[in-house]
file upload06.cif (mmCIF, C-alpha atoms)
data_coords
loop_
_atom_site.label_atom_id
_atom_site.label_comp_id
_atom_site.auth_asym_id
_atom_site.auth_seq_id
_atom_site.Cartn_x
_atom_site.Cartn_y
_atom_site.Cartn_z
CA MET A 557 -44.34 61.89 272.23
CA GLN A 558 -44.45 65.66 271.74
CA ARG A 559 -41.33 67.13 270.25
CA VAL A 560 -39.86 70.05 272.18
CA GLU A 561 -38.47 72.82 270.00
CA GLN A 562 -36.21 75.39 271.56
CA ASP A 563 -33.88 77.86 269.92
CA PRO A 564 -30.33 78.15 271.26
CA GLN A 565 -29.43 81.22 273.28
CA ASP A 566 -28.17 84.02 271.07
CA PHE A 567 -24.99 85.97 271.76
CA GLY A 568 -26.63 89.39 271.87
CA ARG A 569 -25.77 90.07 275.52
CA VAL A 570 -23.01 87.51 276.15
CA LEU A 571 -19.99 89.44 277.42
CA SER A 572 -17.83 87.02 279.41
CA SER A 573 -17.77 83.86 277.32
CA MET A 574 -14.67 82.74 275.46
CA CYS A 575 -16.84 81.00 272.88
CA THR A 576 -18.47 82.83 270.02
CA GLU A 577 -20.65 82.38 266.98
CA PRO A 578 -18.72 80.28 264.46
CA HIS A 579 -17.70 81.64 261.09
CA PRO A 580 -20.31 80.70 258.42
CA ALA A 581 -17.79 78.46 256.64
CA ALA A 582 -16.98 76.74 259.94
CA ARG A 583 -20.65 76.18 260.68
CA ASP A 584 -21.20 74.58 257.27
CA ALA A 585 -18.13 72.37 257.57
CA ALA A 586 -19.14 71.24 261.05
CA GLU A 587 -22.54 70.10 259.81
CA ARG A 588 -21.07 68.19 256.87
CA PHE A 589 -18.52 66.30 258.99
CA LEU A 590 -20.67 65.82 262.08
CA ALA A 591 -20.87 62.02 261.85
CA THR A 592 -17.24 61.30 260.95
CA ASN A 593 -14.82 60.05 263.61
CA PRO A 594 -11.21 61.28 263.56
CA GLY A 595 -10.62 58.93 266.49
CA ASP A 596 -10.58 56.12 263.92
CA PRO A 597 -8.38 57.61 261.20
CA GLY A 598 -7.90 54.32 259.40
CA THR A 599 -11.63 54.17 258.65
CA TYR A 600 -12.41 57.88 258.34
CA GLU A 601 -9.54 58.84 256.04
CA THR A 602 -11.00 62.13 254.79
CA VAL A 603 -11.39 63.68 258.22
CA ALA A 604 -7.96 62.31 259.20
CA LYS A 605 -6.44 64.28 256.34
CA LEU A 606 -8.39 67.33 257.43
CA GLU A 607 -6.98 66.99 260.93
CA ARG A 608 -3.47 67.03 259.50
CA ARG A 609 -4.44 70.17 257.61
CA ALA A 610 -5.79 71.71 260.81
CA VAL A 611 -2.52 71.01 262.64
CA ASP A 612 -0.48 72.43 259.74
CA LEU A 613 -2.54 75.63 259.82
CA LEU A 614 -2.15 75.89 263.58
CA GLY A 615 1.58 75.48 263.05
CA GLU A 616 1.53 78.62 260.91
CA VAL A 617 -0.30 80.48 263.66
CA VAL A 618 2.18 79.46 266.38
CA GLY A 619 5.39 79.78 264.36
CA LEU A 620 6.33 76.12 263.86
CA PRO A 621 5.99 74.77 260.30
CA ASP A 622 6.54 71.09 261.21
CA VAL A 623 4.37 71.04 264.31
CA ALA A 624 2.81 67.85 265.66
CA GLY A 625 -0.58 67.73 267.34
CA TYR A 626 -4.27 67.01 267.09
CA VAL A 627 -7.65 68.70 267.42
CA ALA A 628 -8.83 68.26 271.00
CA SER A 629 -12.16 69.02 272.65
CA GLY A 630 -10.76 72.22 274.12
CA GLY A 631 -8.15 73.78 276.36
CA THR A 632 -8.88 71.53 279.32
CA GLU A 633 -8.14 68.35 277.39
CA ALA A 634 -5.04 69.86 275.79
CA ASN A 635 -3.65 71.02 279.14
CA ILE A 636 -4.29 67.64 280.74
CA GLN A 637 -2.59 65.92 277.82
CA ALA A 638 0.42 68.25 278.03
CA VAL A 639 0.88 67.33 281.70
CA ARG A 640 0.44 63.68 280.75
CA ILE A 641 3.19 64.00 278.15
CA ALA A 642 5.52 65.44 280.76
CA ARG A 643 4.64 62.81 283.35
CA ASN A 644 5.13 59.93 280.94
CA ARG A 645 8.34 61.39 279.52
CA PHE A 646 9.98 61.52 282.94
CA GLU A 647 8.27 58.56 284.66
CA THR A 648 11.57 56.72 285.14
CA ASP A 649 13.34 59.82 286.47
CA THR A 650 11.15 60.71 289.45
CA ARG A 651 8.61 59.15 291.78
CA ASN A 652 7.33 62.55 292.90
CA PRO A 653 6.65 64.54 289.73
CA ASN A 654 5.56 68.14 290.05
CA VAL A 655 4.34 70.82 287.66
CA VAL A 656 5.06 74.48 288.39
CA ALA A 657 2.60 77.09 287.17
CA PRO A 658 1.80 80.73 287.96
CA GLN A 659 -1.28 81.36 290.07
CA HIS A 660 -3.30 82.61 287.11
CA ALA A 661 -3.00 79.27 285.30
CA HIS A 662 -6.32 77.86 284.11
CA PHE A 663 -8.24 75.61 286.52
CA SER A 664 -7.72 72.69 284.13
CA PHE A 665 -4.22 72.25 285.59
CA TRP A 666 -5.81 71.38 288.93
CA LYS A 667 -7.85 68.76 287.09
CA ALA A 668 -4.70 67.46 285.43
CA ALA A 669 -2.89 67.15 288.74
CA ASP A 670 -5.82 65.29 290.27
CA VAL A 671 -6.33 62.90 287.36
CA LEU A 672 -2.64 62.20 286.72
CA GLY A 673 -1.38 62.03 290.29
CA VAL A 674 1.20 64.79 290.00
CA GLU A 675 1.84 67.67 292.38
CA LEU A 676 0.81 71.11 291.15
CA ARG A 677 2.89 73.93 292.58
CA THR A 678 1.62 77.46 292.00
CA ALA A 679 3.81 80.53 292.22
CA PRO A 680 2.56 84.04 293.04
CA LEU A 681 2.30 86.69 290.37
CA SER A 682 4.15 89.92 289.86
CA GLY A 683 1.30 92.24 289.01
CA TYR A 684 -0.73 90.25 286.52
CA THR A 685 1.99 87.93 285.16
CA ALA A 686 4.23 85.13 286.41
CA ASN A 687 6.83 86.10 288.99
CA LEU A 688 9.98 84.53 287.57
CA GLU A 689 11.85 84.45 290.89
CA ALA A 690 8.90 82.72 292.52
CA ILE A 691 8.82 80.15 289.71
CA LYS A 692 12.57 79.52 290.19
CA GLN A 693 12.01 78.90 293.89
CA GLN A 694 9.32 76.29 293.14
CA VAL A 695 11.19 74.15 290.57
CA ASP A 696 13.50 71.30 291.57
CA GLU A 697 14.89 68.02 290.26
CA ASP A 698 11.39 66.48 290.32
CA THR A 699 9.80 69.19 288.16
CA ILE A 700 8.49 67.71 284.93
CA ALA A 701 6.91 70.82 283.41
CA VAL A 702 6.85 74.59 283.79
CA VAL A 703 3.66 76.29 282.58
CA GLY A 704 3.39 79.73 281.02
CA VAL A 705 0.18 81.55 280.15
CA ALA A 706 -0.16 83.46 276.89
CA GLY A 707 -3.44 85.32 277.27
CA SER A 708 -4.79 84.70 280.77
CA THR A 709 -8.51 84.01 281.04
CA GLU A 710 -9.20 86.77 283.55
CA TYR A 711 -7.03 89.66 282.36
CA GLY A 712 -5.56 88.67 279.01
CA ARG A 713 -1.98 88.94 280.25
CA VAL A 714 1.09 87.24 278.79
CA ASP A 715 3.85 85.67 280.86
CA ASP A 716 7.53 85.98 279.92
CA ILE A 717 7.52 82.76 277.91
CA PRO A 718 11.21 82.76 276.86
CA ALA A 719 12.28 83.19 280.49
CA LEU A 720 9.95 80.43 281.67
CA ALA A 721 11.30 78.14 278.95
CA ASP A 722 14.83 78.84 280.19
CA ILE A 723 13.81 77.99 283.75
CA ALA A 724 12.30 74.72 282.53
CA ALA A 725 15.46 73.89 280.57
CA ASP A 726 17.66 74.59 283.60
CA VAL A 727 15.96 71.77 285.54
CA GLY A 728 15.43 69.48 282.53
CA ALA A 729 11.66 69.98 282.46
CA LEU A 730 9.28 70.60 279.58
CA CYS A 731 7.81 74.03 278.91
CA HIS A 732 4.09 74.15 278.19
CA VAL A 733 2.29 77.30 277.04
CA ASP A 734 -1.43 77.73 277.52
CA ALA A 735 -2.50 79.99 274.64
CA ALA A 736 -6.04 78.58 274.49
CA TRP A 737 -7.62 82.03 274.13
CA GLY A 738 -4.64 84.18 273.22
CA GLY A 739 -3.29 82.06 270.38
CA PHE A 740 -5.36 83.73 267.66
CA VAL A 741 -4.68 87.23 269.05
CA LEU A 742 -0.97 87.20 269.86
CA PRO A 743 0.39 86.74 266.31
CA PHE A 744 -0.52 90.40 265.69
CA THR A 745 1.24 91.75 268.77
CA SER A 746 4.89 92.19 269.75
CA HIS A 747 4.80 89.53 272.49
CA ASP A 748 7.27 86.64 272.46
CA TRP A 749 5.00 83.69 273.14
CA ASN A 750 5.27 80.93 270.51
CA PHE A 751 7.53 78.14 269.27
CA ALA A 752 9.53 80.56 267.12
CA SER A 753 10.38 82.91 269.97
CA ALA A 754 11.03 80.47 272.84
CA ASP A 755 12.04 76.86 273.52
CA VAL A 756 8.45 75.77 274.01
CA ASP A 757 7.74 72.02 273.95
CA THR A 758 3.92 71.88 273.97
CA MET A 759 1.12 74.38 273.53
CA THR A 760 -2.63 74.68 273.91
CA ILE A 761 -4.51 76.80 271.35
CA ASP A 762 -8.24 76.68 270.73
CA PRO A 763 -9.76 77.37 267.30
CA HIS A 764 -13.22 77.49 268.92
CA LYS A 765 -12.33 80.65 270.83
CA MET A 766 -10.94 83.61 268.86
CA GLY A 767 -10.42 81.26 265.91
CA GLN A 768 -14.20 81.22 265.19
CA ALA A 769 -14.47 77.44 264.78
CA ALA A 770 -17.50 75.53 266.04
CA VAL A 771 -17.38 74.03 269.53
CA PRO A 772 -15.65 71.70 270.28
CA ALA A 773 -12.37 72.46 268.51
CA GLY A 774 -9.36 72.80 270.77
CA GLY A 775 -5.76 72.14 269.90
CA LEU A 776 -2.77 70.36 271.44
CA LEU A 777 0.51 71.12 269.67
CA ALA A 778 4.02 69.79 270.22
CA ARG A 779 7.45 70.60 268.86
CA GLY A 780 7.78 67.11 267.40
CA PRO A 781 5.95 63.76 267.10
CA GLU A 782 8.14 62.22 269.80
CA PHE A 783 6.16 64.18 272.37
CA LEU A 784 2.87 62.70 271.16
CA ASP A 785 4.46 59.25 271.27
CA GLU A 786 4.33 59.59 275.06
CA LEU A 787 0.53 59.43 274.77
CA ALA A 788 0.21 56.52 272.37
CA ILE A 789 -1.68 53.37 273.30
CA ASP A 790 -2.48 50.32 271.16
CA THR A 791 -5.89 50.13 269.50
CA PRO A 792 -6.18 46.50 268.38
CA TYR A 793 -9.75 46.56 267.04
CA LEU A 794 -9.39 49.70 264.91
CA GLU A 795 -7.84 49.95 261.45
CA SER A 796 -5.28 52.33 262.94
CA THR A 797 -2.87 50.65 265.36
CA SER A 798 -2.45 53.33 268.03
CA GLN A 799 -4.08 56.46 269.42
CA VAL A 800 -2.66 59.52 271.17
CA THR A 801 -5.89 61.39 271.95
CA LEU A 802 -7.68 61.39 275.29
CA THR A 803 -11.32 61.19 274.22
CA GLY A 804 -11.15 58.45 271.58
CA THR A 805 -14.28 58.82 269.47
CA ARG A 806 -14.62 62.46 268.41
CA SER A 807 -16.88 64.24 265.98
CA GLY A 808 -15.23 65.44 262.81
CA ALA A 809 -17.25 68.64 263.19
CA GLY A 810 -14.55 70.31 265.25
CA VAL A 811 -11.79 69.29 262.88
CA ALA A 812 -13.57 70.41 259.74
CA SER A 813 -14.79 73.67 261.23
CA ALA A 814 -11.30 74.54 262.46
CA VAL A 815 -9.89 74.07 258.97
CA ALA A 816 -12.71 76.05 257.37
CA ALA A 817 -12.35 78.96 259.80
CA MET A 818 -8.57 79.17 259.48
CA GLU A 819 -8.64 78.90 255.69
CA ALA A 820 -11.17 81.73 255.60
CA LEU A 821 -9.49 84.02 258.14
CA TRP A 822 -5.75 83.35 258.47
CA PRO A 823 -4.02 85.72 258.60
CA ASP A 824 -5.79 88.84 257.35
CA GLY A 825 -9.21 88.16 258.86
CA TYR A 826 -7.74 87.40 262.27
CA ARG A 827 -5.54 90.49 262.09
CA GLU A 828 -8.57 92.67 261.38
CA GLN A 829 -10.48 90.92 264.16
CA TYR A 830 -7.67 91.59 266.64
CA TYR A 831 -7.45 95.30 265.86
CA GLU A 832 -11.22 95.67 266.12
CA SER A 833 -11.49 93.75 269.39
CA GLN A 834 -8.55 95.61 270.92
CA ALA A 835 -10.07 98.94 269.89
CA ASN A 836 -13.35 97.88 271.51
CA ALA A 837 -11.50 96.96 274.70
CA GLU A 838 -9.81 100.37 274.83
CA TRP A 839 -13.14 102.09 274.12
CA LEU A 840 -14.98 100.27 276.91
CA ALA A 841 -12.12 100.80 279.37
CA LYS A 842 -12.22 104.54 278.66
CA LYS A 843 -16.00 104.71 279.08
CA LEU A 844 -15.90 102.81 282.38
CA ARG A 845 -13.06 104.94 283.76
CA ALA A 846 -15.04 108.06 282.85
CA ARG A 847 -17.83 106.71 285.07
CA GLY A 848 -15.52 106.31 288.03
CA PHE A 849 -14.74 102.59 287.83
CA GLU A 850 -11.25 101.22 288.42
CA VAL A 851 -10.27 99.35 285.23
CA VAL A 852 -7.39 96.95 284.66
CA PRO A 853 -5.60 98.20 281.51
CA PRO A 854 -6.46 95.83 278.63
CA VAL A 855 -3.14 94.53 277.26
CA LEU A 856 -5.14 92.07 275.12
CA PRO A 857 -8.88 92.49 274.41
CA ILE A 858 -10.26 91.66 277.87
CA VAL A 859 -11.61 94.37 280.19
CA ALA A 860 -11.88 93.90 283.95
CA ALA A 861 -13.53 96.62 286.04
CA ASP A 862 -14.29 96.94 289.74
CA MET A 863 -18.09 97.29 289.85
CA PRO A 864 -20.46 97.15 292.84
CA ASP A 865 -22.13 93.79 293.41
CA ARG A 866 -25.58 95.30 293.04
CA LEU A 867 -24.71 96.76 289.65
CA ILE A 868 -23.40 93.44 288.36
CA ASP A 869 -26.46 91.62 289.69
CA THR A 870 -28.81 94.15 288.10
CA LEU A 871 -27.00 93.91 284.77
CA ARG A 872 -27.41 90.14 284.94
CA ASP A 873 -31.10 90.56 285.70
CA ARG A 874 -31.36 92.60 282.50
CA GLY A 875 -29.91 89.74 280.48
CA TRP A 876 -26.20 90.59 280.37
CA ARG A 877 -24.09 87.46 280.75
CA LEU A 878 -21.32 88.88 282.90
CA SER A 879 -18.83 86.94 285.02
CA ARG A 880 -16.36 87.99 287.70
CA THR A 881 -12.63 87.57 288.08
CA GLY A 882 -11.22 85.81 291.12
CA THR A 883 -11.04 89.21 292.85
CA ASP A 884 -14.64 90.06 291.88
CA GLU A 885 -14.13 92.52 289.02
CA ALA A 886 -16.64 92.40 286.20
CA ARG A 887 -15.03 90.80 283.16
CA VAL A 888 -15.78 91.53 279.50
CA VAL A 889 -14.11 89.45 276.77
CA MET A 890 -14.06 91.07 273.34
CA MET A 891 -15.03 88.01 271.35
CA PRO A 892 -15.92 88.51 267.66
CA HIS A 893 -19.64 88.78 268.45
CA VAL A 894 -19.02 91.66 270.90
CA ASP A 895 -19.25 94.72 268.65
CA ARG A 896 -19.31 98.44 269.37
CA SER A 897 -23.10 98.73 269.23
CA MET A 898 -23.43 95.98 271.83
CA LEU A 899 -20.94 97.76 274.09
CA ARG A 900 -22.79 101.06 273.70
CA GLU A 901 -25.98 99.33 274.80
CA PHE A 902 -24.12 97.88 277.78
CA VAL A 903 -22.83 101.31 278.85
CA GLU A 904 -26.28 102.82 278.37
CA ASP A 905 -27.73 100.17 280.68
CA ILE A 906 -25.10 101.00 283.29
CA ASP A 907 -26.09 104.66 283.10
CA ALA A 908 -29.79 103.78 283.31
CA ILE A 909 -29.22 101.61 286.38
CA PHE A 910 -27.33 104.38 288.15
CA ALA A 911 -30.10 106.82 287.28
CA GLU A 912 -32.77 104.44 288.58
CA PHE A 913 -31.10 103.14 291.74
CA ASP A 914 -28.87 104.63 294.39
CA ILE A 915 -25.81 102.52 293.66
CA GLY A 916 -22.48 103.85 294.85
CA ARG A 917 -19.62 103.76 292.40
#

call {"tool": "encode", "arguments": {"input": "upload06.cif", "output": "structure tokens"}}
result
Amino acid sequence: MQRVEQDPQDFGRVLSSMCTEPHPAARDAAERFLATNPGDPGTYETVAKLERRAVDLLGEVVGLPDVAGYVASGGTEANIQAVRIARNRFETDTRNPNVVAPQHAHFSFWKAADVLGVELRTAPLSGYTANLEAIKQQVDEDTIAVVGVAGSTEYGRVDDIPALADIAADVGALCHVDAAWGGFVLPFTSHDWNFASADVDTMTIDPHKMGQAAVPAGGLLARGPEFLDELAIDTPYLESTSQVTLTGTRSGAGVASAVAAMEALWPDGYREQYYESQANAEWLAKKLRARGFEVVPPVLPIVAADMPDRLIDTLRDRGWRLSRTGTDEARVVMMPHVDRSMLREFVEDIDAIFAEFDIGR
């Protein structure tokens, strides 16, 4: 049989992905631990110790030294597991559990509601962040979790996490923060978003996004091991006696690469990365405004701009991987691979398209 060789797509014109090229140390670690299985920690002791190291490092990032957690496949799994923790924790208290989230919550919460049989209630936004009064109107005695977003996927906005945690506490619910993308950016800002600044119970944070780990390397974190106990099931044929993860067998690649990336970059490398990516966001926003586009101000390094459909389609035809927000703005995420030269080329292509075609701005 003929062997098909194909190179992976490069990141040269990828603008809207929240994945990036892994750090060289993360790439090397992923390859070395590819065949190990942290889902069987009794057998694969080395990668199990690395996973503990990964969680400890994530605890430093999110402001909780004694954090509990594990390396998940990504934000979707972590968000589903957080809802599962809440459902299981309150299963004797309500027959009609609900989770309250702002409308800009990630689509994984709809998956969680479907899989776990809980009601998902979404509250409208105030501008680009959670409307606290709307959240208060949605919660009740059957609410098991209130969700806050720390770095929304469309606009990079941060909800008032301390206030949302207070709302959750008022009705006896858990507070979950989705910082899948924002978690490696927010430590270098003035936002209150983590375990140290609010009564957060669980959190999603993904090393394979701004953390520069290899895919898949997500993270589910909890304020204490008692939260993970809600997920535990017996594993009679493994050397370990129980398991809290969702996927079971996992490659150690994600675990090892997360450790390698964080050891190489935390905190100084991530701080430098944040300032560079934020500067790039401000630069692109300025250039697009100068060309007559309406631009959502980039609070974190994501730029959304209202561009004509034909322009977006033509940019895609020229190889730019560009997605839209829910209200159809073009969306550019300043991942580590998106540098200033790449953005200049992007703006030059916009100018060339306008010069070539009659496209209204």

call {"tool": "axis_aligned_box", "arguments": {"input": "upload06.cif", "around": "region 691-703 of chain A", "padding_each_side": "4 Å", "output": "JSON"}}
result
{"center_x": 9.3, "center_y": 73.3, "center_z": 288.2, "size_x": 19.2, "size_y": 21.7, "size_z": 19.3}

call {"tool": "residues_around", "arguments": {"input": "upload06.cif", "residues": "Val855 (chain A)", "least_positions_apart": "4", "cutoff": "9 Å", "atoms": "only C-alpha atoms", "output": "PyMOL selection string"}}
result
chain A and resi 711-714+834+859

call {"tool": "closest_residue", "arguments": {"input": "upload06.cif", "among": "A:Ser682, A:Ser708, A:Arg806, A:Arg779", "to": "Phe589 (chain A)", "atoms": "only C-alpha atoms"}}
result
A:Arg806

call {"tool": "closest_residue", "arguments": {"input": "upload06.cif", "among": "A:Gly774, A:Gln768, A:Leu676, A:Gly615", "to": "Ala820 (chain A)", "atoms": "all atoms listed in the file"}}
result
A:Gln768

call {"tool": "closest_residue", "arguments": {"input": "upload06.cif", "among": "A:Val671, A:Met766, A:Cys575, A:Leu613", "to": "Gln829 (chain A)", "atoms": "all atoms listed in the file"}}
result
A:Met766

call {"tool": "residues_near_point", "arguments": {"input": "upload06.cif", "point": "(3.5, 60.9, 268.9)", "cutoff": "10 Å", "atoms": "all atoms listed in the file", "output": "MDAnalysis selection string"}}
result
chainID A and resid 624:625 641 778 780:788 798:801

call {"tool": "residues_around", "arguments": {"input": "upload06.cif", "residues": "Pro857 (chain A)", "least_positions_apart": "4", "cutoff": "10 Å", "atoms": "all atoms listed in the file", "output": "list in words"}}
result
Gly707, Tyr711, Gly712, Arg713, Gly738, Val741, Tyr830, Tyr831, Glu832, Ser833, Gln834, Ala835, Asn836, Ala837, Glu838, Pro853, Val888, Val889, Met890 and Met891 of chain A

call {"tool": "closest_residue", "arguments": {"input": "upload06.cif", "among": "A:Ala701, A:Ala773, A:Val603, A:Met863", "to": "Val851 (chain A)", "atoms": "only C-alpha atoms"}}
result
A:Met863

call {"tool": "resolve_selection", "arguments": {"input": "upload06.cif", "expression": "the PyMOL selection byres ((chain A and resi 680) around 9)", "output": "list in words"}}
result
Pro658, Gln659, His660, Thr678, Ala679, Leu681, Ser682, Thr685, Ala686, Asn687, Ala690 and Ile691 of chain A

call {"tool": "resolve_selection", "arguments": {"input": "upload06.cif", "expression": "the PyMOL selection byres ((chain A and resi 812) around 12)", "output": "PDB file with C-alpha atoms, keeping the file's coordinate frame"}}
result
ATOM      1  CA  ALA A 581     -17.790  78.460 256.640  1.00  0.00           C
ATOM      2  CA  ALA A 582     -16.980  76.740 259.940  1.00  0.00           C
ATOM      3  CA  ARG A 583     -20.650  76.180 260.680  1.00  0.00           C
ATOM      4  CA  ASP A 584     -21.200  74.580 257.270  1.00  0.00           C
ATOM      5  CA  ALA A 585     -18.130  72.370 257.570  1.00  0.00           C
ATOM      6  CA  ALA A 586     -19.140  71.240 261.050  1.00  0.00           C
ATOM      7  CA  GLU A 587     -22.540  70.100 259.810  1.00  0.00           C
ATOM      8  CA  ARG A 588     -21.070  68.190 256.870  1.00  0.00           C
ATOM      9  CA  PHE A 589     -18.520  66.300 258.990  1.00  0.00           C
ATOM     10  CA  LEU A 590     -20.670  65.820 262.080  1.00  0.00           C
ATOM     11  CA  ALA A 591     -20.870  62.020 261.850  1.00  0.00           C
ATOM     12  CA  THR A 592     -17.240  61.300 260.950  1.00  0.00           C
ATOM     13  CA  ASN A 593     -14.820  60.050 263.610  1.00  0.00           C
ATOM     14  CA  PRO A 594     -11.210  61.280 263.560  1.00  0.00           C
ATOM     15  CA  THR A 602     -11.000  62.130 254.790  1.00  0.00           C
ATOM     16  CA  VAL A 603     -11.390  63.680 258.220  1.00  0.00           C
ATOM     17  CA  ALA A 604      -7.960  62.310 259.200  1.00  0.00           C
ATOM     18  CA  LYS A 605      -6.440  64.280 256.340  1.00  0.00           C
ATOM     19  CA  LEU A 606      -8.390  67.330 257.430  1.00  0.00           C
ATOM     20  CA  GLU A 607      -6.980  66.990 260.930  1.00  0.00           C
ATOM     21  CA  ARG A 608      -3.470  67.030 259.500  1.00  0.00           C
ATOM     22  CA  ARG A 609      -4.440  70.170 257.610  1.00  0.00           C
ATOM     23  CA  ALA A 610      -5.790  71.710 260.810  1.00  0.00           C
ATOM     24  CA  VAL A 611      -2.520  71.010 262.640  1.00  0.00           C
ATOM     25  CA  VAL A 627      -7.650  68.700 267.420  1.00  0.00           C
ATOM     26  CA  PRO A 763      -9.760  77.370 267.300  1.00  0.00           C
ATOM     27  CA  HIS A 764     -13.220  77.490 268.920  1.00  0.00           C
ATOM     28  CA  ALA A 769     -14.470  77.440 264.780  1.00  0.00           C
ATOM     29  CA  ALA A 770     -17.500  75.530 266.040  1.00  0.00           C
ATOM     30  CA  VAL A 771     -17.380  74.030 269.530  1.00  0.00           C
ATOM     31  CA  PRO A 772     -15.650  71.700 270.280  1.00  0.00           C
ATOM     32  CA  ALA A 773     -12.370  72.460 268.510  1.00  0.00           C
ATOM     33  CA  ARG A 806     -14.620  62.460 268.410  1.00  0.00           C
ATOM     34  CA  SER A 807     -16.880  64.240 265.980  1.00  0.00           C
ATOM     35  CA  GLY A 808     -15.230  65.440 262.810  1.00  0.00           C
ATOM     36  CA  ALA A 809     -17.250  68.640 263.190  1.00  0.00           C
ATOM     37  CA  GLY A 810     -14.550  70.310 265.250  1.00  0.00           C
ATOM     38  CA  VAL A 811     -11.790  69.290 262.880  1.00  0.00           C
ATOM     39  CA  SER A 813     -14.790  73.670 261.230  1.00  0.00           C
ATOM     40  CA  ALA A 814     -11.300  74.540 262.460  1.00  0.00           C
ATOM     41  CA  VAL A 815      -9.890  74.070 258.970  1.00  0.00           C
ATOM     42  CA  ALA A 816     -12.710  76.050 257.370  1.00  0.00           C
ATOM     43  CA  ALA A 817     -12.350  78.960 259.800  1.00  0.00           C
ATOM     44  CA  MET A 818      -8.570  79.170 259.480  1.00  0.00           C
ATOM     45  CA  GLU A 819      -8.640  78.900 255.690  1.00  0.00           C
TER      46      GLU A 819
END

call {"tool": "atom_distance", "arguments": {"input": "upload06.cif", "atom1": "CA of Asp596 (chain A)", "atom2": "CA of Leu777 (chain A)"}}
result
19.5 Å

call {"tool": "resolve_selection", "arguments": {"input": "upload06.cif", "expression": "the PyMOL selection byres ((chain A and resi 631) around 8)", "output": "PDB file with C-alpha atoms, keeping the file's coordinate frame"}}
result
ATOM      1  CA  ALA A 628      -8.830  68.260 271.000  1.00  0.00           C
ATOM      2  CA  SER A 629     -12.160  69.020 272.650  1.00  0.00           C
ATOM      3  CA  GLY A 630     -10.760  72.220 274.120  1.00  0.00           C
ATOM      4  CA  THR A 632      -8.880  71.530 279.320  1.00  0.00           C
ATOM      5  CA  GLU A 633      -8.140  68.350 277.390  1.00  0.00           C
ATOM      6  CA  ALA A 634      -5.040  69.860 275.790  1.00  0.00           C
ATOM      7  CA  ASN A 635      -3.650  71.020 279.140  1.00  0.00           C
ATOM      8  CA  SER A 664      -7.720  72.690 284.130  1.00  0.00           C
ATOM      9  CA  ASP A 734      -1.430  77.730 277.520  1.00  0.00           C
ATOM     10  CA  ALA A 736      -6.040  78.580 274.490  1.00  0.00           C
ATOM     11  CA  THR A 760      -2.630  74.680 273.910  1.00  0.00           C
ATOM     12  CA  ILE A 761      -4.510  76.800 271.350  1.00  0.00           C
ATOM     13  CA  ASP A 762      -8.240  76.680 270.730  1.00  0.00           C
ATOM     14  CA  GLY A 774      -9.360  72.800 270.770  1.00  0.00           C
ATOM     15  CA  GLY A 775      -5.760  72.140 269.900  1.00  0.00           C
TER      16      GLY A 775
END

call {"tool": "closest_residue", "arguments": {"input": "upload06.cif", "among": "A:Ala886, A:Leu620, A:Val903, A:Leu856", "to": "Ala754 (chain A)", "atoms": "all atoms listed in the file"}}
result
A:Leu620

call {"tool": "atom_distance", "arguments": {"input": "upload06.cif", "atom1": "CA of Thr699 (chain A)", "atom2": "CA of Ala735 (chain A)"}}
result
21.2 Å

call {"tool": "residues_around", "arguments": {"input": "upload06.cif", "residues": "Ile636 (chain A)", "least_positions_apart": "6", "cutoff": "9 Å", "atoms": "all atoms listed in the file", "output": "list of chain:residue names"}}
result
A:Ser664, A:Phe665, A:Lys667, A:Ala668, A:Ala669, A:Val671, A:Leu672, A:Leu802

call {"tool": "closest_residue", "arguments": {"input": "upload06.cif", "among": "A:Leu899, A:Val618, A:Val703, A:Ala725", "to": "Val656 (chain A)", "atoms": "all atoms listed in the file"}}
result
A:Val703

call {"tool": "atom_distance", "arguments": {"input": "upload06.cif", "atom1": "CA of Ile906 (chain A)", "atom2": "CA of Ala861 (chain A)"}}
result
12.7 Å

call {"tool": "residues_around", "arguments": {"input": "upload06.cif", "residues": "region 871-873 of chain A", "least_positions_apart": "6", "cutoff": "9 Å", "atoms": "only C-alpha atoms", "output": "PyMOL selection string"}}
result
chain A and resi 902+905-906+909

call {"tool": "residues_around", "arguments": {"input": "upload06.cif", "residues": "Asp748 (chain A)", "least_positions_apart": "6", "cutoff": "8 Å", "atoms": "all atoms listed in the file", "output": "PyMOL selection string"}}
result
chain A and resi 716-718+754

call {"tool": "residues_near_point", "arguments": {"input": "upload06.cif", "point": "(4.0, 81.4, 275.8)", "cutoff": "6 Å", "atoms": "all atoms listed in the file", "output": "list in words"}}
result
Gly704, Val705, Ala706, Ile717, Val733, Trp749 and Asn750 of chain A
